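A.B. asks: You'll find final-v7.pdb just under this line, and it carries PDB, C-alpha atoms.
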MODEL        1
ATOM      1  CA  MET A   1     114.847 126.337  98.564
ATOM      2  CA  SER A   2     115.922 129.428 100.436
ATOM      3  CA  ARG A   3     116.691 129.309 104.131
ATOM      4  CA  ARG A   4     113.988 131.878 104.803
ATOM      5  CA  LEU A   5     111.410 129.650 103.127
ATOM      6  CA  ILE A   6     112.591 126.600 105.080
ATOM      7  CA  VAL A   7     112.099 128.469 108.356
ATOM      8  CA  LEU A   8     108.651 129.550 107.216
ATOM      9  CA  LEU A   9     107.662 125.988 106.376
ATOM     10  CA  LEU A  10     108.977 124.646 109.666
ATOM     11  CA  PHE A  11     106.968 127.096 111.723
ATOM     12  CA  ILE A  12     103.749 127.372 109.705
ATOM     13  CA  ILE A  13     103.052 124.067 107.961
ATOM     14  CA  PRO A  14     103.367 121.881 111.115
ATOM     15  CA  GLU A  15     100.207 123.581 112.386
ATOM     16  CA  PHE A  16      98.406 121.506 109.780
ATOM     17  CA  LEU A  17     100.704 118.482 109.425
ATOM     18  CA  PHE A  18     101.857 117.832 112.972
ATOM     19  CA  GLY A  19     101.978 114.117 113.657
ATOM     20  CA  GLN A  20     100.962 113.099 110.140
ATOM     21  CA  ASP A  21     102.489 110.112 108.333
ATOM     22  CA  PRO A  22     103.564 110.414 104.694
ATOM     23  CA  GLY A  23     100.685 109.378 102.454
ATOM     24  CA  PHE A  24     100.530 107.576  99.117
ATOM     25  CA  SER A  25      97.887 108.377  96.495
ATOM     26  CA  GLN A  26      97.939 104.869  95.019
ATOM     27  CA  PHE A  27      96.588 103.455  98.247
ATOM     28  CA  PHE A  28      96.146  99.826  97.215
ATOM     29  CA  ALA A  29      99.423  99.744  95.259
ATOM     30  CA  ASN A  30     101.218  99.890  98.627
ATOM     31  CA  PRO A  31      99.079  97.329 100.490
ATOM     32  CA  LEU A  32     101.303  96.605 103.494
ATOM     33  CA  TYR A  33     101.616 100.343 104.203
ATOM     34  CA  LEU A  34      97.850 100.833 104.109
ATOM     35  CA  ASN A  35      96.919  97.798 106.198
ATOM     36  CA  PRO A  36      99.098  94.908 107.498
ATOM     37  CA  ALA A  37      96.165  92.551 106.941
ATOM     38  CA  PHE A  38      96.819  92.779 103.181
ATOM     39  CA  THR A  39      99.924  90.636 103.765
ATOM     40  CA  GLY A  40      99.728  87.484 101.658
ATOM     41  CA  THR A  41      96.470  88.390  99.878
ATOM     42  CA  THR A  42      97.747  87.340  96.457
ATOM     43  CA  GLU A  43      98.263  83.788  95.256
ATOM     44  CA  LEU A  44     101.822  84.471  94.044
ATOM     45  CA  PRO A  45     104.662  86.071  96.057
ATOM     46  CA  ARG A  46     104.568  89.833  95.511
ATOM     47  CA  THR A  47     107.253  92.540  95.414
ATOM     48  CA  VAL A  48     106.098  96.178  95.378
ATOM     49  CA  ILE A  49     108.180  99.301  94.706
ATOM     50  CA  ASN A  50     106.708 102.763  95.347
ATOM     51  CA  TYR A  51     108.096 106.232  94.696
ATOM     52  CA  ARG A  52     106.420 109.553  95.509
ATOM     53  CA  ASN A  53     107.726 113.054  94.738
ATOM     54  CA  GLN A  54     105.723 115.853  96.335
ATOM     55  CA  TRP A  55     106.242 119.501  95.301
ATOM     56  CA  PRO A  56     108.878 118.478  92.703
ATOM     57  CA  GLN A  57     109.584 121.947  91.291
ATOM     58  CA  LYS A  58     110.999 123.128  94.616
ATOM     59  CA  GLY A  59     113.813 120.597  94.804
ATOM     60  CA  ALA A  60     113.668 117.280  96.669
ATOM     61  CA  THR A  61     111.196 118.783  99.122
ATOM     62  CA  TYR A  62     109.236 115.646 100.000
ATOM     63  CA  THR A  63     110.303 112.318  98.488
ATOM     64  CA  THR A  64     109.213 108.911  99.723
ATOM     65  CA  TYR A  65     110.413 105.417  98.794
ATOM     66  CA  SER A  66     108.924 102.066  99.750
ATOM     67  CA  LEU A  67     109.901  98.457  99.043
ATOM     68  CA  SER A  68     107.869  95.485 100.247
ATOM     69  CA  TYR A  69     107.661  91.742  99.768
ATOM     70  CA  ASP A  70     104.910  89.393 100.916
ATOM     71  CA  GLN A  71     103.711  85.884 100.203
ATOM     72  CA  LEU A  72     101.003  83.445 101.166
ATOM     73  CA  SER A  73     101.676  80.132 102.889
ATOM     74  CA  LYS A  74      98.932  77.898 101.465
ATOM     75  CA  LYS A  75      99.411  75.077 103.976
ATOM     76  CA  MET A  76      99.303  77.340 107.037
ATOM     77  CA  ASN A  77      96.779  79.796 105.525
ATOM     78  CA  THR A  78      98.995  82.654 106.696
ATOM     79  CA  GLY A  79     100.896  85.492 105.082
ATOM     80  CA  PHE A  80     104.396  86.826 105.756
ATOM     81  CA  GLY A  81     105.872  90.098 104.606
ATOM     82  CA  ILE A  82     108.556  92.738 105.081
ATOM     83  CA  GLN A  83     108.546  96.416 104.197
ATOM     84  CA  MET A  84     111.366  98.976 104.040
ATOM     85  CA  PHE A  85     110.542 102.656 103.913
ATOM     86  CA  HIS A  86     112.505 105.902 103.520
ATOM     87  CA  ASP A  87     111.106 109.424 103.615
ATOM     88  CA  LYS A  88     112.915 112.746 103.039
ATOM     89  CA  GLU A  89     111.288 115.993 104.152
ATOM     90  CA  LEU A  90     112.213 119.598 103.386
ATOM     91  CA  ASN A  91     115.305 118.858 101.291
ATOM     92  CA  ASN A  92     116.740 116.235 103.669
ATOM     93  CA  ILE A  93     116.243 118.249 106.868
ATOM     94  CA  ILE A  94     114.139 115.385 108.261
ATOM     95  CA  ASN A  95     114.867 111.772 107.219
ATOM     96  CA  THR A  96     112.882 108.749 108.325
ATOM     97  CA  THR A  97     113.928 105.147 107.669
ATOM     98  CA  SER A  98     112.017 102.103 108.859
ATOM     99  CA  SER A  99     111.749  98.359 108.387
ATOM    100  CA  ALA A 100     108.850  96.218 109.543
ATOM    101  CA  PHE A 101     107.714  92.585 109.455
ATOM    102  CA  SER A 102     104.080  91.645 108.819
ATOM    103  CA  TYR A 103     102.081  88.527 109.621
ATOM    104  CA  SER A 104      98.510  87.693 108.671
ATOM    105  CA  TYR A 105      96.065  84.861 109.159
ATOM    106  CA  HIS A 106      93.348  84.125 106.599
ATOM    107  CA  PHE A 107      90.112  82.317 107.340
ATOM    108  CA  LYS A 108      86.916  81.537 105.500
ATOM    109  CA  LEU A 109      83.581  82.563 107.058
ATOM    110  CA  ASN A 110      81.352  80.917 104.428
ATOM    111  CA  GLU A 111      81.316  80.275 100.684
ATOM    112  CA  GLN A 112      81.210  83.998  99.821
ATOM    113  CA  SER A 113      82.863  85.622 102.843
ATOM    114  CA  PHE A 114      86.529  85.753 103.832
ATOM    115  CA  MET A 115      88.535  87.640 106.426
ATOM    116  CA  THR A 116      92.181  88.319 107.277
ATOM    117  CA  LEU A 117      93.797  89.629 110.473
ATOM    118  CA  GLY A 118      97.257  91.204 110.373
ATOM    119  CA  LEU A 119     100.045  92.286 112.712
ATOM    120  CA  GLN A 120     103.083  94.453 111.975
ATOM    121  CA  GLY A 121     106.157  95.360 114.018
ATOM    122  CA  GLY A 122     109.440  97.056 113.240
ATOM    123  CA  MET A 123     112.009  99.744 114.023
ATOM    124  CA  VAL A 124     112.137 103.398 112.959
ATOM    125  CA  LEU A 125     115.145 105.719 112.650
ATOM    126  CA  LYS A 126     114.329 109.434 112.472
ATOM    127  CA  GLN A 127     117.125 111.962 111.813
ATOM    128  CA  PHE A 128     117.064 115.748 111.931
ATOM    129  CA  ASN A 129     119.689 117.873 110.166
ATOM    130  CA  SER A 130     119.742 121.419 111.584
ATOM    131  CA  ASN A 131     122.979 122.585 109.928
ATOM    132  CA  SER A 132     121.197 124.380 107.086
ATOM    133  CA  LEU A 133     118.574 126.037 109.289
ATOM    134  CA  ILE A 134     118.548 129.608 110.541
ATOM    135  CA  PHE A 135     116.020 130.446 113.242
ATOM    136  CA  PRO A 136     114.608 133.996 113.588
ATOM    137  CA  SER A 137     116.151 134.399 117.051
ATOM    138  CA  GLU A 138     119.628 133.876 115.547
ATOM    139  CA  ILE A 139     119.361 136.998 113.379
ATOM    140  CA  ASP A 140     120.158 140.450 114.766
ATOM    141  CA  GLN A 141     117.181 142.614 113.861
ATOM    142  CA  LEU A 142     119.334 145.754 113.290
ATOM    143  CA  SER A 143     122.462 144.467 111.572
ATOM    144  CA  GLY A 144     121.145 141.210 110.109
ATOM    145  CA  VAL A 145     124.179 139.386 111.516
ATOM    146  CA  ILE A 146     123.643 135.691 112.297
ATOM    147  CA  SER A 147     124.744 134.780 115.797
ATOM    148  CA  GLY A 148     125.182 131.079 115.075
ATOM    149  CA  ILE A 149     123.577 130.146 118.399
ATOM    150  CA  ALA A 150     120.531 127.934 117.987
ATOM    151  CA  PRO A 151     117.682 128.701 120.409
ATOM    152  CA  ILE A 152     116.759 125.039 120.855
ATOM    153  CA  VAL A 153     118.617 122.411 122.867
ATOM    154  CA  TYR A 154     118.732 118.973 121.272
ATOM    155  CA  SER A 155     118.982 115.745 123.200
ATOM    156  CA  ASP A 156     120.225 114.125 119.992
ATOM    157  CA  GLU A 157     119.778 114.621 116.263
ATOM    158  CA  LYS A 158     118.309 111.157 115.765
ATOM    159  CA  LYS A 159     115.695 108.947 117.339
ATOM    160  CA  ILE A 160     115.282 105.151 117.195
ATOM    161  CA  TYR A 161     112.085 103.519 118.394
ATOM    162  CA  PRO A 162     109.921 100.392 117.850
ATOM    163  CA  ASP A 163     106.597 100.733 116.070
ATOM    164  CA  PHE A 164     103.556  98.426 115.811
ATOM    165  CA  ALA A 165     100.313  98.151 113.842
ATOM    166  CA  VAL A 166      97.259  95.866 113.562
ATOM    167  CA  GLY A 167      94.636  95.488 110.880
ATOM    168  CA  ALA A 168      91.759  93.478 109.473
ATOM    169  CA  VAL A 169      90.237  93.138 106.006
ATOM    170  CA  GLY A 170      87.161  91.270 104.882
ATOM    171  CA  GLN A 171      85.140  90.421 101.808
ATOM    172  CA  HIS A 172      81.598  89.297 101.013
ATOM    173  CA  ASN A 173      80.987  88.504  97.362
ATOM    174  CA  GLU A 174      82.371  91.568  95.560
ATOM    175  CA  ILE A 175      82.226  93.981  98.511
ATOM    176  CA  PHE A 176      85.412  94.446 100.558
ATOM    177  CA  TRP A 177      86.329  96.479 103.628
ATOM    178  CA  GLY A 178      89.068  96.893 106.202
ATOM    179  CA  ALA A 179      90.494  98.838 109.119
ATOM    180  CA  SER A 180      93.954  99.339 110.599
ATOM    181  CA  ILE A 181      95.632 101.140 113.495
ATOM    182  CA  HIS A 182      99.272 102.244 113.251
ATOM    183  CA  HIS A 183     101.621 103.492 116.013
ATOM    184  CA  LEU A 184      99.870 101.514 118.740
ATOM    185  CA  THR A 185     102.359 102.568 121.433
ATOM    186  CA  GLN A 186     102.415 106.225 120.275
ATOM    187  CA  PRO A 187     106.241 106.383 120.359
ATOM    188  CA  ASN A 188     108.050 109.577 121.340
ATOM    189  CA  GLU A 189     109.996 110.826 118.313
ATOM    190  CA  SER A 190     111.001 114.274 119.587
ATOM    191  CA  ILE A 191     114.698 115.224 119.711
ATOM    192  CA  LEU A 192     114.108 118.272 121.927
ATOM    193  CA  GLU A 193     115.107 118.139 125.576
ATOM    194  CA  GLY A 194     112.102 118.231 127.880
ATOM    195  CA  ASP A 195     109.574 118.005 125.059
ATOM    196  CA  GLN A 196     106.337 116.501 126.397
ATOM    197  CA  LYS A 197     104.415 116.708 123.114
ATOM    198  CA  GLY A 198     106.595 114.568 120.876
ATOM    199  CA  ASN A 199     104.469 111.412 120.908
ATOM    200  CA  LEU A 200     103.411 110.198 117.471
ATOM    201  CA  PRO A 201      99.579 109.889 117.459
ATOM    202  CA  MET A 202      97.909 106.655 116.428
ATOM    203  CA  LYS A 203      96.736 106.577 112.808
ATOM    204  CA  VAL A 204      93.326 105.005 112.205
ATOM    205  CA  THR A 205      92.362 103.917 108.682
ATOM    206  CA  ILE A 206      88.956 102.634 107.552
ATOM    207  CA  HIS A 207      88.444 101.606 103.930
ATOM    208  CA  GLY A 208      85.814  99.926 101.814
ATOM    209  CA  GLY A 209      84.934  99.274  98.200
ATOM    210  CA  ALA A 210      83.237  97.042  95.675
ATOM    211  CA  ARG A 211      83.498  95.705  92.141
ATOM    212  CA  SER A 212      80.764  95.430  89.531
ATOM    213  CA  ARG A 213      81.118  94.082  86.008
ATOM    214  CA  LYS A 214      79.403  95.919  83.173
ATOM    215  CA  LEU A 215      79.310  95.869  79.377
ATOM    216  CA  HIS A 216      79.844  98.593  76.814
ATOM    217  CA  HIS A 217      76.886  99.076  74.509
ATOM    218  CA  GLY A 218      77.169  99.291  70.755
ATOM    219  CA  LEU A 219      79.271  97.650  68.082
ATOM    220  CA  LEU A 220      82.429  97.546  70.219
ATOM    221  CA  SER A 221      80.800  95.862  73.179
ATOM    222  CA  ARG A 222      83.422  94.849  75.752
ATOM    223  CA  GLU A 223      83.272  93.945  79.403
ATOM    224  CA  PHE A 224      84.815  96.280  81.983
ATOM    225  CA  THR A 225      84.822  96.561  85.766
ATOM    226  CA  LEU A 226      83.933  99.543  87.953
ATOM    227  CA  SER A 227      85.329  99.723  91.493
ATOM    228  CA  PRO A 228      84.192 102.570  93.799
ATOM    229  CA  ASN A 229      86.230 103.034  96.997
ATOM    230  CA  ILE A 230      86.280 105.126 100.152
ATOM    231  CA  ILE A 231      89.128 105.632 102.641
ATOM    232  CA  TYR A 232      88.945 107.586 105.898
ATOM    233  CA  GLN A 233      92.106 108.334 107.903
ATOM    234  CA  GLN A 234      92.600 110.116 111.217
ATOM    235  CA  GLN A 235      95.832 110.869 113.057
ATOM    236  CA  GLY A 236      95.584 113.147 116.052
ATOM    237  CA  SER A 237      93.490 116.149 115.025
ATOM    238  CA  PHE A 238      94.166 115.492 111.329
ATOM    239  CA  LYS A 239      91.224 113.929 109.460
ATOM    240  CA  GLN A 240      91.066 113.010 105.786
ATOM    241  CA  LEU A 241      88.392 111.524 103.530
ATOM    242  CA  ASN A 242      89.250 109.991 100.131
ATOM    243  CA  LEU A 243      86.597 109.096  97.540
ATOM    244  CA  GLY A 244      87.632 107.285  94.384
ATOM    245  CA  ILE A 245      86.600 105.060  91.517
ATOM    246  CA  TYR A 246      88.524 102.743  89.167
ATOM    247  CA  MET A 247      87.569 101.499  85.718
ATOM    248  CA  ILE A 248      89.349  98.305  84.663
ATOM    249  CA  GLU A 249      89.227  97.045  81.086
ATOM    250  CA  LYS A 250      91.357  93.977  80.433
ATOM    251  CA  SER A 251      94.935  95.060  81.215
ATOM    252  CA  PHE A 252      94.251  98.794  81.552
ATOM    253  CA  LEU A 253      93.050 100.764  84.534
ATOM    254  CA  PHE A 254      91.877 104.376  84.814
ATOM    255  CA  GLY A 255      90.837 106.064  88.008
ATOM    256  CA  GLY A 256      90.384 109.198  90.016
ATOM    257  CA  TRP A 257      90.236 110.224  93.657
ATOM    258  CA  TYR A 258      88.985 113.277  95.519
ATOM    259  CA  ARG A 259      90.905 113.987  98.741
ATOM    260  CA  ASN A 260      89.453 116.247 101.404
ATOM    261  CA  ASN A 261      91.211 117.303 104.596
ATOM    262  CA  ILE A 262      88.265 117.615 106.947
ATOM    263  CA  ASP A 263      88.044 120.838 109.006
ATOM    264  CA  ILE A 264      90.635 122.518 106.746
ATOM    265  CA  ARG A 265      89.734 122.558 103.045
ATOM    266  CA  PRO A 266      89.596 120.344  99.915
ATOM    267  CA  ASN A 267      93.111 119.032  99.387
ATOM    268  CA  ALA A 268      93.507 117.521  95.922
ATOM    269  CA  VAL A 269      92.115 115.552  93.013
ATOM    270  CA  ILE A 270      94.117 112.527  91.868
ATOM    271  CA  ALA A 271      94.282 111.154  88.334
ATOM    272  CA  LEU A 272      95.571 107.604  87.911
ATOM    273  CA  ILE A 273      96.416 105.242  85.056
ATOM    274  CA  GLY A 274      97.671 101.687  85.257
ATOM    275  CA  PHE A 275      98.659  98.640  83.248
ATOM    276  CA  ALA A 276      98.697  95.038  84.452
ATOM    277  CA  ARG A 277      99.715  91.621  83.223
ATOM    278  CA  GLU A 278      99.780  88.312  85.046
ATOM    279  CA  LYS A 279     103.261  88.903  86.511
ATOM    280  CA  PHE A 280     103.583  92.705  86.377
ATOM    281  CA  GLN A 281     101.665  95.819  87.308
ATOM    282  CA  PHE A 282     102.484  99.500  86.743
ATOM    283  CA  GLY A 283     100.730 102.588  88.048
ATOM    284  CA  TYR A 284     101.216 106.341  87.688
ATOM    285  CA  SER A 285      99.253 109.059  89.456
ATOM    286  CA  PHE A 286      99.311 112.834  89.658
ATOM    287  CA  ASP A 287      97.895 114.921  92.504
ATOM    288  CA  TYR A 288      96.508 118.313  91.529
ATOM    289  CA  THR A 289      96.425 120.553  94.599
ATOM    290  CA  LEU A 290      93.163 122.419  95.266
ATOM    291  CA  SER A 291      94.286 124.450  98.283
ATOM    292  CA  LYS A 292      96.121 127.784  98.299
ATOM    293  CA  LEU A 293      99.396 125.845  98.231
ATOM    294  CA  SER A 294      98.785 125.055  94.539
ATOM    295  CA  ASN A 295     100.921 128.006  93.386
ATOM    296  CA  TYR A 296     103.832 126.574  95.350
ATOM    297  CA  SER A 297     103.380 122.820  95.317
ATOM    298  CA  HIS A 298     102.890 122.117  91.568
ATOM    299  CA  GLY A 299     101.268 118.817  92.466
ATOM    300  CA  SER A 300     102.797 115.430  93.222
ATOM    301  CA  HIS A 301     103.927 112.485  91.111
ATOM    302  CA  GLU A 302     103.765 108.857  92.163
ATOM    303  CA  ILE A 303     104.877 105.602  90.520
ATOM    304  CA  SER A 304     104.252 102.016  91.604
ATOM    305  CA  LEU A 305     105.693  98.745  90.268
ATOM    306  CA  THR A 306     104.405  95.345  91.333
ATOM    307  CA  PHE A 307     106.045  92.041  90.409
ATOM    308  CA  PHE A 308     104.522  88.600  90.962
ATOM    309  CA  MET A 309     106.882  85.624  91.150
ATOM    310  CA  GLY A 310     106.479  81.888  90.737
ATOM    311  CA  ARG A 311     103.751  79.940  88.969
ATOM    312  CA  LYS A 312     100.067  79.704  89.734
ATOM    313  CA  GLY A 313      98.709  76.352  90.754
ATOM    314  CA  GLU A 314      96.365  74.358  88.542
ATOM    315  CA  ILE A 315      93.609  74.808  91.116
ATOM    316  CA  PRO A 316      93.139  78.519  91.982
ATOM    317  CA  ILE A 317      92.814  79.569  95.603
ATOM    318  CA  ARG A 318      89.156  80.282  96.316
ATOM    319  CA  ASN A 319      89.420  81.905  99.745
ATOM    320  CA  LYS A 320      91.453  84.946  98.751
ATOM    321  CA  LEU A 321      90.533  88.597  99.022
ATOM    322  CA  LEU A 322      89.381  90.737  96.132
ATOM    323  CA  ILE A 323      91.225  94.049  96.277
ATOM    324  CA  PRO A 324      91.723  96.847  93.706
ATOM    325  CA  MET A 325      94.635  96.547  91.294
ATOM    326  CA  ILE A 326      96.067  99.939  92.235
TER
ENDMDL
END
Taking this structure as input, can you express it in the form of structure tokens?
C.D. replies:
Amino acid sequence: MSRRLIVLLLFIIPEFLFGQDPGFSQFFANPLYLNPAFTGTTELPRTVINYRNQWPQKGATYTTYSLSYDQLSKKMNTGFGIQMFHDKELNNIINTTSSAFSYSYHFKLNEQSFMTLGLQGGMVLKQFNSNSLIFPSEIDQLSGVISGIAPIVYSDEKKIYPDFAVGAVGQHNEIFWGASIHHLTQPNESILEGDQKGNLPMKVTIHGGARSRKLHHGLLSREFTLSPNIIYQQQGSFKQLNLGIYMIEKSFLFGGWYRNNIDIRPNAVIALIGFAREKFQFGYSFDYTLSKLSNYSHGSHEISLTFFMGRKGEIPIRNKLLIPMI
């Protein structure tokens, strides 16, 4: 990526993305990132690996990695988890690394209804590398000579701060829902001296969905499951609505999402395929950009791997949440 393009992105794109967290398209394949209340919502201990590459044909423009582990304590009816996260923006100009611990408590409302409350807390390290940047004010308009004097004064090129989140998820029969709030303390992540607008806005997420079992008609009649879902997210002035549906047939999953950035324009359509066994789950998705950035972005690729460890008990856990595979 050329330096001129980097400067353009830094000054134009933040008008739309200011204060926005990195997002995953396989929402439920990164459960602790979506909602801390998903901690311990599987019978077996779970390890999840996520990788997202956004705008891949322009170098390592936006790449995001996530690793999480969570498990259910059957005796205490609680869940424990940890998540590590690393995000690279604009070819390593901005790097964010975080680690967080999650705790959840599960309780049964009645024979068909369950609910879980979750808490999450951790530390975030945000680093900014300005060595490869050239600001317009550094360039002499007549000679084109670069002065080498940056127009901005930095207090430091890194920021460390604590971060917290809360969430809740519930289920009644085959209908499930949830809500979470991230960045409760709205931490200041600015590295500019005297900056009064560097607080990270709270991110609010509301999600819901259902499952319904149906049968194919005809000679090859087989049972499959349909799962429609909706996710709404808001962070500062940024608002996004995601509408999706999954079709699950034995070990295979197919799905699609429509993502709309409210007040701006339709953002993308997402195609998803997945494969699952008792101890393993794989998902791949591709985002096709609908906005004017499509000529530049060339979409986004995302991969998820989920591993379940241990052995299931002879008596299955009845009061557990029903959530989508991916």
A.B. asks: For the atom pair atom CA of Thr225 of chain A and atom CA of Phe286 of chain A, what is the interatomic distance in Å to one decimal place?
C.D. replies: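 Computed distance, atom CA of Thr225 of chain A to atom CA of Phe286 of chain A, equals 22.1 Å.
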A.B. asks: Determine the nearest neighbour of Ile230 of chain A from the options A:Ile206, A:Lys250, A:Lys159, A:Leu34, counting only C-alpha atoms.
C.D. replies: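 Comparing A:Ile206, A:Lys250, A:Lys159, A:Leu34 against Ile230 of chain A, the winner is A:Ile206.
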A.B. asks: What separation in Å, quoted to one decimal, exists between atom CA of Ile82 of chain A and atom CA of Ser99 of chain A?
C.D. replies: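 Interatomic distance here is 7.3 Å.
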A.B. asks: Taking only C-alpha atoms into account, name the residue in A:Thr78, A:Thr116, A:Gln83, A:Asn173 that is nearest to Ala37 of chain A.
C.D. replies: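 Answer, going by the shortest atom-to-atom distance: A:Thr116.
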A.B. asks: On this structure, the PyMOL selection byres ((chain A and resi 46) around 12) would catch which residues? List them as number ranges by chain, sorted by chain and number.
C.D. replies: A: 29-32, 38-45, 47-49, 67-72, 79-83, 278-281, 305-311
A.B. asks: For the atom pair atom CA of Ala100 of chain A and atom CA of Ser237 of chain A, what is the interatomic distance in Å to one decimal place?
C.D. replies: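 Computing it gives 25.8 Å between the two atoms.
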A.B. asks: Please, which residues are within 12 Å of (88.8, 98.3, 84.2) by the file's coordinates, counting all atoms listed in the file, and could they come as a VMD selection string?
C.D. replies: chain A and resid 211 to 216 222 to 228 245 to 255 273 to 276 324 to 326
A.B. asks: Selection in question (the file shown): the PyMOL selection byres ((chain A and resi 120-123) around 7). Which residues does it include, as a ChimeraX atom specification?
C.D. replies: /A:36,98-103,118-119,124-125,161-166
A.B. asks: Considering only C-alpha atoms, tabulate each residue of segment 219-257 of chain A that lies at most 10 Å from segment 20-24 of chain A along with its nearest interatomic pair and the corresponding distance in Å to one decimal; arrange the rows by chain and ascending residue number and present them as a Markdown table.
C.D. replies:
| residue | atom | partner | partner_atom | distance |
| --- | --- | --- | --- | --- |
| A:Gln234 | CA | A:Gln20 | CA | 8.9 |
| A:Gln235 | CA | A:Gln20 | CA | 6.3 |
| A:Gly236 | CA | A:Gln20 | CA | 8.0 |
| A:Ser237 | CA | A:Gln20 | CA | 9.4 |
| A:Phe238 | CA | A:Gln20 | CA | 7.3 |
| A:Lys239 | CA | A:Gln20 | CA | 9.8 |
A.B. asks: Write out as a count of residues only the residues lying within 8 Å of His183 of chain A, counting only C-alpha atoms and excluding same-chain residues fewer than 2 positions away.
C.D. replies: 11
A.B. asks: List the neighbours of Ser113 of chain A out to 9 Å using all atoms listed in the file; skip same-chain residues closer than 6 positions along the sequence, and give me the result as a list of chain:residue names.
C.D. replies: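 Listed by chain and then number, they are A:Gly170, A:Gln171, A:His172, A:Asn173, A:Asn319.
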A.B. asks: Any chance you could resolve the PyMOL selection byres ((chain A and resi 53) around 6) against this file and give the residues as a ChimeraX atom specification?
C.D. replies: /A:52,54,56,63,300-301
A.B. asks: With C-alpha atoms kept, could you save the residues just selected as a short mmCIF file (atom, residue, chain, number, x, y, z; two decimals), in the frame of the given file?
C.D. replies:
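Now in again02.cif:
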data_model
loop_
_atom_site.label_atom_id
_atom_site.label_comp_id
_atom_site.auth_asym_id
_atom_site.auth_seq_id
_atom_site.Cartn_x
_atom_site.Cartn_y
_atom_site.Cartn_z
CA ARG A 52 106.42 109.55 95.51
CA GLN A 54 105.72 115.85 96.34
CA PRO A 56 108.88 118.48 92.70
CA THR A 63 110.30 112.32 98.49
CA SER A 300 102.80 115.43 93.22
CA HIS A 301 103.93 112.48 91.11
#
A.B. asks: Which is closer to Tyr288 of chain A than all the others in A:Ser190, A:Ser25, A:Asn129, A:Asn229, using all atoms listed in the file?
C.D. replies: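 Answer, going by the shortest atom-to-atom distance: A:Ser25.
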A.B. asks: What would the list of residues within 10 Å of (82.3, 105.8, 99.5) (file frame) look like as a list in words, if all atoms listed in the file are what count?
C.D. replies: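 Selection result: His207, Gly208, Gly209, Ala210, Pro228, Asn229, Ile230, Ile231, Tyr232, Leu241, Asn242, Leu243, Gly244 and Ile245 of chain A.
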